[in-house]
Amino acid sequence: MATINIFGASGHAKVIADIIRASGDMVGEVFDDLPEDKIIDGRKVYSPKEKDVEGPMIIAIGSNKIRRLLAERYEVDYAKALHPNTSISSSVEIGNGSVVMAGVVIEADTLIGKHCIINTSSSINHECRVGDFVHISPNATLCGGVEVGEGSWVGAGAVVIQGIRIGKNCMVGAGAVVIRDVPDGTMVVGNPGRRIR
């Protein structure tokens with residue numbers, strides 16, 4: 001049984017605390033830059049000015065950009081939080097700091113980077129490559145052989161067909177169906193997906 005600290009005090013942090021406990025581990029200290037008398041999992045939230053931030057820790061912040069900034073700020077050991085109600089192939093590799101929420105399916109030979117959020121009931125099929133600081137939103141589907149670049153966000157219910165490459169720092173809108181490669185820094189919406197910037 002491990003004790004895992006959390007940085008973040010929003011609803012997302014509450015979900016991470018639930019996953020830690022469901023996995024048989026314990027929630028340790030909870031930190032936030034603006035603690036404002038918040039309570040997470042029955043624990044007082046501390047400012048980093050009140051108490052040293054230590055690992056093992058998970059950054060429970062939904063924004064990819066802010067997760068990256070905090071990971072650069074705090075060079076501590078990072079844990080993983082994998083909900084027990086998932087189906088993850090034994091050949092999958094998941095980087096430290098990443099979280100996998102309830103109902104997720106991750107299939108064979110997939111690589112998930114560091115500090116990723118693989119959100120509720122999403123599906124990542126065989127041989128996908130998901131870069132660091134990526135968020136795959138609830139009910140999104142990556143078909144086989146999809147690559148998602150560092151810092152990108154795939155919206156709720158989006159579908160990315162097989163073999164597609166999504167570049168770095170992209171945003172795929174909720175419900176989009178991506179049938180063409182997406183260049184770095186691009187937003188894609190609609191069915192079929194079209195670039196809007």
# chains A, B, ... in the order shown; residues from 1 in each chain; ligands from 1
call {"tool": "select_by_dssp", "arguments": {"residues": "stretch 13-196 of chain A", "states": "alpha helix (DSSP H)", "output": "JSON, numbers by chain"}}
result
{"A": [13, 14, 15, 16, 17, 18, 19, 20, 21, 22, 64, 65, 66, 67, 68, 69, 70, 71, 72, 73]}
call {"tool": "write_last_selection", "arguments": {"atoms": "C-alpha atoms", "output": "CSV table (one decimal), in the first residue's frame"}}
result
chain,number,residue,atom,x,y,z
A,13,ALA,CA,-8.7,16.0,-7.6
A,14,LYS,CA,-11.7,14.4,-5.9
A,15,VAL,CA,-11.8,11.8,-8.7
A,16,ILE,CA,-8.1,11.1,-8.4
A,17,ALA,CA,-8.5,10.6,-4.6
A,18,ASP,CA,-11.3,8.1,-5.3
A,19,ILE,CA,-9.0,6.2,-7.8
A,20,ILE,CA,-6.1,6.1,-5.3
A,21,ARG,CA,-8.4,4.6,-2.6
A,22,ALA,CA,-10.1,2.2,-5.0
A,64,ASN,CA,-2.4,20.0,-20.0
A,65,LYS,CA,-0.4,23.2,-19.9
A,66,ILE,CA,-0.7,23.7,-16.1
A,67,ARG,CA,0.2,20.0,-15.5
A,68,ARG,CA,3.4,20.6,-17.5
A,69,LEU,CA,4.3,23.8,-15.6
A,70,LEU,CA,3.7,22.1,-12.2
A,71,ALA,CA,5.7,19.0,-13.3
A,72,GLU,CA,8.6,21.3,-14.2
A,73,ARG,CA,8.2,23.2,-10.9
call {"tool": "residues_around", "arguments": {"residues": "A:Ile117", "least_positions_apart": "6", "cutoff": "10 Å", "atoms": "only C-alpha atoms", "output": "list in words"}}
result
Ala60, Ile61, Gly62, Ser63, Asn64, Ala81, Gly97, Ser98, Val99, Val100, Met101, Asp132, Phe133, Val134, His135, Ile136, Ser137, Pro138 and Trp153 of chain A
call {"tool": "residues_around", "arguments": {"residues": "A:Cys143", "least_positions_apart": "2", "cutoff": "7 Å", "atoms": "only C-alpha atoms", "output": "CSV table (one decimal) with C-alpha atoms, in the first residue's frame"}}
result
chain,number,residue,atom,x,y,z
A,124,ILE,CA,-7.5,3.3,-26.8
A,125,ASN,CA,-7.0,0.5,-29.2
A,141,THR,CA,-12.1,6.5,-29.0
A,145,GLY,CA,-2.2,2.8,-34.5
A,146,VAL,CA,-3.2,6.4,-33.7
A,160,VAL,CA,-10.0,9.1,-34.3
A,161,ILE,CA,-9.9,6.5,-37.0
A,162,GLN,CA,-7.0,4.1,-37.4
call {"tool": "select_by_dssp", "arguments": {"residues": "chain A", "states": "strand (DSSP E or B)", "output": "VMD selection string"}}
result
chain A and resid 3 to 7 26 to 31 39 to 40 43 to 46 57 to 59 78 81 to 82 87 to 88 93 to 94 99 to 100 105 to 106 111 to 112 117 to 118 123 to 124 129 to 130 135 to 136 141 to 142 147 to 148 153 to 154 159 to 160 165 to 166 171 to 172 177 to 178 182 187 to 189 194 to 195
call {"tool": "closest_residue", "arguments": {"among": "A:Gly103, A:Gly24, A:Pro48, A:Gly175", "to": "A:Gly155", "atoms": "only C-alpha atoms"}}
result
A:Gly175
